[in-house]
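Okay, structure first, notes after.
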Amino acid sequence: MVFIISFFLPAFEDMSGFASFAFCWDTLLGHEPFGNIRILSGGWFYYSGFVMSNILFVGLVAALFLTRKIGRLRSVFSLVCFLQALSWLVLFTISGKPSQITAIKVGYYVWLIAYGLLVTAYLWKMMSNKDAR
């Protein structure tokens, strides 16, 4: 639910979470508002990673509730998706420009919390399964 709510909140500058996702989706397809982006470039991989992590998020949540057994691979994927989401804040923080950090809005933080909750749920389920043995 937190993940879905984040798409309706302001996420970055004047874009909602959904608009940010659409921007990343356009990048995945090789389009950008400022012209075409080279497919297989660094920017393409980075922004496409956000699309993939959003798609994986939905699958990982479904797997969390639909399967009893917890796979390590799914736990690792949830952590990788969280780190991809966190990278935006880290990059802006190390840039040293306060204006970039203030461009990040509440929707991004809600989105990041959703990924943190997913990782926590996987860790909790892993520990619960260990204790049940």
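Quick note on naming: the chains in the structure tokens go A, B, ... in the order shown, residues restart at 1 in each chain, and ligands are numbered from 1 in order of appearance.
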
TODO: Please return as an MDAnalysis selection string: the residues of chain A that backbone DSSP assigns to helix (DSSP H, G or I).
DONE: chainID A and resid 2:6 17:28 42:66 72:95 98:103 106:132

Extract, using only C-alpha atoms, all DNA, RNA and protein residues at most 7 Å from stretch 103-107 of chain A, discarding same-chain residues fewer than 3 positions from it, and format them as a JSON list (two decimals) with N, CA, C and O atoms, in the first residue's frame.
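Here's the written file part11.json:
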[["chain", "number", "residue", "atom", "x", "y", "z"],
["A", 6, "SER", "N", 2.99, 6.08, -2.87],
["A", 6, "SER", "CA", 4.15, 6.90, -3.29],
["A", 6, "SER", "C", 4.02, 7.40, -4.72],
["A", 6, "SER", "O", 4.56, 8.44, -5.06],
["A", 7, "PHE", "N", 3.31, 6.68, -5.56],
["A", 7, "PHE", "CA", 3.17, 7.08, -6.96],
["A", 7, "PHE", "C", 2.27, 8.30, -7.13],
["A", 7, "PHE", "O", 2.32, 8.96, -8.16],
["A", 9, "LEU", "N", 2.16, 10.84, -4.83],
["A", 9, "LEU", "CA", 2.75, 11.96, -4.09],
["A", 9, "LEU", "C", 3.83, 12.65, -4.93],
["A", 9, "LEU", "O", 4.41, 12.03, -5.83],
["A", 10, "PRO", "N", 4.12, 13.92, -4.62],
["A", 10, "PRO", "CA", 5.25, 14.58, -5.30],
["A", 10, "PRO", "C", 6.54, 13.84, -4.95],
["A", 10, "PRO", "O", 6.80, 13.56, -3.78],
["A", 11, "ALA", "N", 7.34, 13.51, -5.97],
["A", 11, "ALA", "CA", 8.54, 12.71, -5.76],
["A", 11, "ALA", "C", 9.83, 13.46, -6.05],
["A", 11, "ALA", "O", 10.81, 13.35, -5.31],
["A", 12, "PHE", "N", 9.83, 14.21, -7.14],
["A", 12, "PHE", "CA", 11.05, 14.91, -7.52],
["A", 12, "PHE", "C", 10.67, 16.16, -8.29],
["A", 12, "PHE", "O", 9.93, 16.10, -9.27],
["A", 13, "GLU", "N", 11.17, 17.29, -7.84],
["A", 13, "GLU", "CA", 10.84, 18.60, -8.41],
["A", 13, "GLU", "C", 9.33, 18.72, -8.53],
["A", 13, "GLU", "O", 8.64, 18.64, -7.53],
["A", 17, "GLY", "N", 5.34, 10.57, -8.25],
["A", 17, "GLY", "CA", 6.02, 9.28, -8.36],
["A", 17, "GLY", "C", 5.71, 8.60, -9.67],
["A", 17, "GLY", "O", 6.58, 8.01, -10.30],
["A", 99, "SER", "N", 20.47, 22.19, -3.35],
["A", 99, "SER", "CA", 19.29, 22.34, -4.19],
["A", 99, "SER", "C", 18.82, 20.99, -4.75],
["A", 99, "SER", "O", 17.63, 20.79, -4.98],
["A", 100, "GLN", "N", 19.75, 20.06, -4.98],
["A", 100, "GLN", "CA", 19.36, 18.75, -5.49],
["A", 100, "GLN", "C", 18.64, 17.94, -4.41],
["A", 100, "GLN", "O", 17.68, 17.25, -4.72],
["A", 110, "VAL", "N", 8.63, 8.04, 0.74],
["A", 110, "VAL", "CA", 7.60, 7.02, 0.97],
["A", 110, "VAL", "C", 7.91, 5.79, 0.13],
["A", 110, "VAL", "O", 7.81, 4.65, 0.59],
["A", 111, "TRP", "N", 8.33, 6.01, -1.12],
["A", 111, "TRP", "CA", 8.73, 4.93, -2.02],
["A", 111, "TRP", "C", 9.92, 4.16, -1.44],
["A", 111, "TRP", "O", 9.93, 2.93, -1.43]]

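From atom CA of A:Val80 back to atom CA of A:Leu60, the distance works out to 11.8 Å.
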
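Residues lying within 12 Å of A:Val51, counting only C-alpha atoms and ignoring same-chain neighbours fewer than 5 positions away, are Gly17, Phe18, Ser20, Phe21, Ala22, Phe23, Cys24, Trp25, Asp26, Thr27, Leu28, Leu29, Trp44, Phe45, Tyr46, Leu56, Phe57, Val58, Cys81, Gln84 and Ala85 of chain A.
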